[in-house]
Structures are given as structure tokens and as C-alpha cells.
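Below is one structure, written out as C-alpha cells, with a few remarks after it.
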Amino acid sequence: MTTLAQRNAHRGFYAIAAAALVAASLTTAFGATPGAGAAHPKPTVPAGYVASASASHRTLVTQWLAFWNGDLDLAKTIVAPDFALHATLLDGRSDTEISGPAGLAGWVAQSHGLFGDLRFTVQVGPIIDGDFAVLRWVAEGRYRGGIPGTHAPVGTPLRFTGTDILRIEGGKVRDYWLNADTGDLLMQLKVGQAPAAPAH
């Protein structure tokens, strides 16, 4: 038969054990530092690798700009064989019609055929995030003619902007999302506008 004092001692022991168990559970769940909340997961990629990838992505963006400025041979070096374009094309074609290095090089060549002295410069970026590189660009050139429905005279100077999102895989551009200010470009080309009346 236990005494009252023994029963109280047992209750005290169980209360202390329960408190210790709860404390251990909380420490496991939320980390050892009180009030710190859940511990932040540690990066799984070594910092040196991230820095190296960032540098190589920046180099690729420099080559990408040179490619768009007319060095079409770079397509073989910087564009993946299974390259895919994601964009609304000015001529109404599906973006799936432009694929691979040759397809993209042909499209860039067509752009230079429509706009003389076409030159792209980076306005913002590149912003590197993992396998993605983002840049905002400015393009300047002169209209060479050849776009149906335009009333701008040949030689009209043009300036328009856009944003490229590149997904880089194996050191090459695998996916390309293009968001260009085509509305501004079409206004400069006077698409849908009445041609200017001849001077008397």
C-alpha cells in the first residue's frame, strides 16, 4: 500500500517526464534554438558550382546578343538541338515552326532582312536564376520594307524593346520565351494607318 507522499512523488515524476518528452519533440520539429522556428534547409548545390554556372550563363548571354546582332554561326555553339521558341510571331506563323539552331538562325536572318543596321543592346540584366537568364533589350534599325500592310517609308528609323527569358541546359539555350513590344513597332511601321497624303 502506497502512502500519500509516495503517490504525489510518482505524479511529480510522470509530470517531469511528460514535459521532457514534449520539449524533446519540439526541439526535433523546430530546431534547437528557442523561438527560431523551423531550421532553414541547407543548399544542396555547392556555392562554387553556383558561381561557376552564373559566370557561364553570363558568357552565354553575351554570345546570345552577338548572335542576334548578326553572328549567325554562333547558333551551332549556343543553341540546343531541341531548342524551342515560345513567342507570338509578327508574320502569324506558329512558334513551333522555328526549332533547332538552323530554325532560329533563319528567323534572325529574316529579321535583319526586314530591318537594316539592326542592333540589340541590353538595357536591364542579365538576371540569372538557376538555369534561367532574363534580359531586357533595346533594338534599333531602319525599315527595309517587305511587311504587308505597313505605310512607313523604307528607311524609317525604328526603336523597340523586349524581354528574353532563356532556359539554359548543358551550356546551350534550350527554351526561349520572347516578349517584345510589337504594338509599338507596328505603330512605327504605320500598320493599319492611312498612308500620308502626297505633298502638293
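If you're wondering about the labels, chains in the C-alpha cells are A, B, ... by order shown, residues count from 1 in each chain, ligands from 1 in order shown.
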
Each residue of stretch 143-191 of chain A lying at most 12 Å from stretch 70-93 of chain A should get a row with its shortest atom-to-atom pair and the distance in Å to one decimal, counting only C-alpha atoms; could you produce that, ordered by chain and increasing number, as a Markdown table?
```
| residue | atom | partner | partner_atom | distance |
| --- | --- | --- | --- | --- |
| A:Gly146 | CA | A:Asp91 | CA | 11.1 |
| A:Ile147 | CA | A:Asp91 | CA | 8.4 |
| A:Pro148 | CA | A:Asp91 | CA | 9.2 |
| A:Gly149 | CA | A:Asp91 | CA | 11.3 |
| A:Gly162 | CA | A:Ala87 | CA | 11.5 |
| A:Thr163 | CA | A:Ala87 | CA | 11.1 |
| A:Asp164 | CA | A:Ala87 | CA | 10.1 |
| A:Ile165 | CA | A:His86 | CA | 9.7 |
| A:Leu166 | CA | A:Leu85 | CA | 9.8 |
| A:Arg167 | CA | A:Phe83 | CA | 9.8 |
| A:Ile168 | CA | A:Ala80 | CA | 8.8 |
| A:Glu169 | CA | A:Ala80 | CA | 7.8 |
| A:Gly170 | CA | A:Ala80 | CA | 8.2 |
| A:Gly171 | CA | A:Ile78 | CA | 7.2 |
| A:Lys172 | CA | A:Ile78 | CA | 4.7 |
| A:Val173 | CA | A:Val79 | CA | 4.9 |
| A:Arg174 | CA | A:Phe83 | CA | 4.6 |
| A:Asp175 | CA | A:Ala84 | CA | 5.0 |
| A:Tyr176 | CA | A:Leu85 | CA | 5.0 |
| A:Trp177 | CA | A:His86 | CA | 4.7 |
| A:Leu178 | CA | A:Ala87 | CA | 5.2 |
| A:Asn179 | CA | A:Ala87 | CA | 6.9 |
| A:Ala180 | CA | A:Ala87 | CA | 8.8 |
| A:Asp181 | CA | A:Leu90 | CA | 10.9 |
| A:Thr182 | CA | A:Leu90 | CA | 7.6 |
| A:Gly183 | CA | A:Leu90 | CA | 10.2 |
| A:Leu185 | CA | A:Leu90 | CA | 10.1 |
| A:Leu186 | CA | A:Leu90 | CA | 9.3 |
| A:Val191 | CA | A:Leu90 | CA | 11.8 |
```

Point out the residue among A:Val61, A:Leu158, A:Val124, A:Ala66 with the least atom-to-atom distance to A:Val108, counting only C-alpha atoms.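 When distances to A:Val108 are compared using only C-alpha atoms, the smallest one comes from A:Ala66.
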
Contacts of stretch 135-141 of chain A at 9 Å (only C-alpha atoms; same-chain gap of 5+ positions) as a PyMOL selection string: chain A and resi 61+112+115-127+155-166

File of the preceding selection, N, CA, C and O atoms, as a CSV table (one decimal), in the first residue's frame:
```
chain,number,residue,atom,x,y,z
A,61,VAL,N,24.9,34.7,-72.4
A,61,VAL,CA,24.1,35.8,-72.8
A,61,VAL,C,24.8,36.8,-73.7
A,61,VAL,O,24.3,37.3,-74.7
A,112,HIS,N,16.9,40.6,-89.8
A,112,HIS,CA,17.9,41.5,-90.3
A,112,HIS,C,17.5,41.9,-91.8
A,112,HIS,O,17.9,43.0,-92.3
A,115,PHE,N,14.9,44.7,-91.3
A,115,PHE,CA,15.4,45.9,-90.6
A,115,PHE,C,16.9,46.0,-90.8
A,115,PHE,O,17.7,45.2,-90.3
A,116,GLY,N,17.3,47.0,-91.5
A,116,GLY,CA,18.7,47.2,-91.8
A,116,GLY,C,19.4,47.8,-90.6
A,116,GLY,O,18.8,48.5,-89.7
A,117,ASP,N,20.7,47.6,-90.4
A,117,ASP,CA,21.5,48.1,-89.3
A,117,ASP,C,20.9,47.7,-88.0
A,117,ASP,O,21.0,48.5,-87.0
A,118,LEU,N,20.3,46.5,-87.9
A,118,LEU,CA,19.6,46.1,-86.7
A,118,LEU,C,20.6,45.8,-85.6
A,118,LEU,O,21.5,45.0,-85.8
A,119,ARG,N,20.4,46.5,-84.5
A,119,ARG,CA,21.4,46.4,-83.4
A,119,ARG,C,20.6,46.2,-82.1
A,119,ARG,O,19.8,47.0,-81.7
A,120,PHE,N,21.0,45.2,-81.3
A,120,PHE,CA,20.4,44.9,-80.0
A,120,PHE,C,21.4,45.3,-78.9
A,120,PHE,O,22.6,44.9,-79.0
A,121,THR,N,20.9,46.0,-77.9
A,121,THR,CA,21.7,46.3,-76.7
A,121,THR,C,20.9,45.9,-75.4
A,121,THR,O,19.7,46.0,-75.5
A,122,VAL,N,21.6,45.5,-74.4
A,122,VAL,CA,21.0,45.1,-73.1
A,122,VAL,C,20.7,46.4,-72.3
A,122,VAL,O,21.6,47.2,-72.1
A,123,GLN,N,19.4,46.5,-71.9
A,123,GLN,CA,19.0,47.6,-71.1
A,123,GLN,C,19.0,47.2,-69.6
A,123,GLN,O,19.4,48.0,-68.7
A,124,VAL,N,18.5,46.0,-69.3
A,124,VAL,CA,18.5,45.5,-67.9
A,124,VAL,C,18.9,44.1,-67.9
A,124,VAL,O,18.5,43.3,-68.7
A,125,GLY,N,19.8,43.7,-67.0
A,125,GLY,CA,20.2,42.3,-66.9
A,125,GLY,C,21.6,42.1,-67.4
A,125,GLY,O,22.4,43.1,-67.7
A,126,PRO,N,22.0,40.8,-67.6
A,126,PRO,CA,21.1,39.7,-67.4
A,126,PRO,C,20.9,39.3,-65.9
A,126,PRO,O,21.8,39.5,-65.1
A,127,ILE,N,19.7,38.9,-65.6
A,127,ILE,CA,19.4,38.4,-64.3
A,127,ILE,C,19.4,36.9,-64.3
A,127,ILE,O,18.7,36.2,-65.1
A,155,GLY,N,13.5,53.0,-95.0
A,155,GLY,CA,14.5,53.8,-94.4
A,155,GLY,C,14.0,54.5,-93.1
A,155,GLY,O,14.8,55.1,-92.4
A,156,THR,N,12.7,54.2,-92.7
A,156,THR,CA,12.2,54.8,-91.4
A,156,THR,C,13.0,54.2,-90.3
A,156,THR,O,13.2,53.0,-90.1
A,157,PRO,N,13.6,55.1,-89.4
A,157,PRO,CA,14.3,54.6,-88.2
A,157,PRO,C,13.3,54.0,-87.2
A,157,PRO,O,12.2,54.5,-87.0
A,158,LEU,N,13.7,52.9,-86.6
A,158,LEU,CA,12.8,52.2,-85.7
A,158,LEU,C,13.6,51.9,-84.4
A,158,LEU,O,14.8,51.7,-84.4
A,159,ARG,N,12.8,51.9,-83.3
A,159,ARG,CA,13.4,51.6,-82.0
A,159,ARG,C,12.3,50.9,-81.2
A,159,ARG,O,11.2,51.4,-81.0
A,160,PHE,N,12.6,49.6,-80.7
A,160,PHE,CA,11.6,48.9,-79.9
A,160,PHE,C,12.3,48.1,-78.9
A,160,PHE,O,13.5,47.9,-78.9
A,161,THR,N,11.5,47.6,-77.9
A,161,THR,CA,12.1,46.9,-76.8
A,161,THR,C,11.5,45.5,-76.6
A,161,THR,O,10.4,45.2,-77.2
A,162,GLY,N,12.1,44.7,-75.7
A,162,GLY,CA,11.5,43.4,-75.4
A,162,GLY,C,12.3,42.8,-74.3
A,162,GLY,O,13.3,43.3,-73.8
A,163,THR,N,11.8,41.6,-73.9
A,163,THR,CA,12.4,40.8,-72.8
A,163,THR,C,12.6,39.4,-73.2
A,163,THR,O,11.7,38.8,-73.8
A,164,ASP,N,13.8,38.9,-73.0
A,164,ASP,CA,14.1,37.5,-73.3
A,164,ASP,C,14.2,36.7,-72.0
A,164,ASP,O,14.9,37.1,-71.1
A,165,ILE,N,13.6,35.5,-72.0
A,165,ILE,CA,13.8,34.6,-70.9
A,165,ILE,C,14.4,33.3,-71.5
A,165,ILE,O,13.8,32.7,-72.4
A,166,LEU,N,15.6,33.0,-71.1
A,166,LEU,CA,16.3,31.8,-71.7
A,166,LEU,C,16.4,30.7,-70.6
A,166,LEU,O,16.8,31.0,-69.5
```

Which one of A:Ser99, A:Ser111, A:Gln188, A:Ser94 sits closest to A:Trp68 if you count only C-alpha atoms?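 Looking at the shortest contact to A:Trp68, the residue is A:Ser111.
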
Between atom CA of A:Lys190 and atom CA of A:His151, what is the distance in Å, rounded to a tenth?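 About the pair atom CA of A:Lys190 and atom CA of A:His151: they are 5.1 Å apart.
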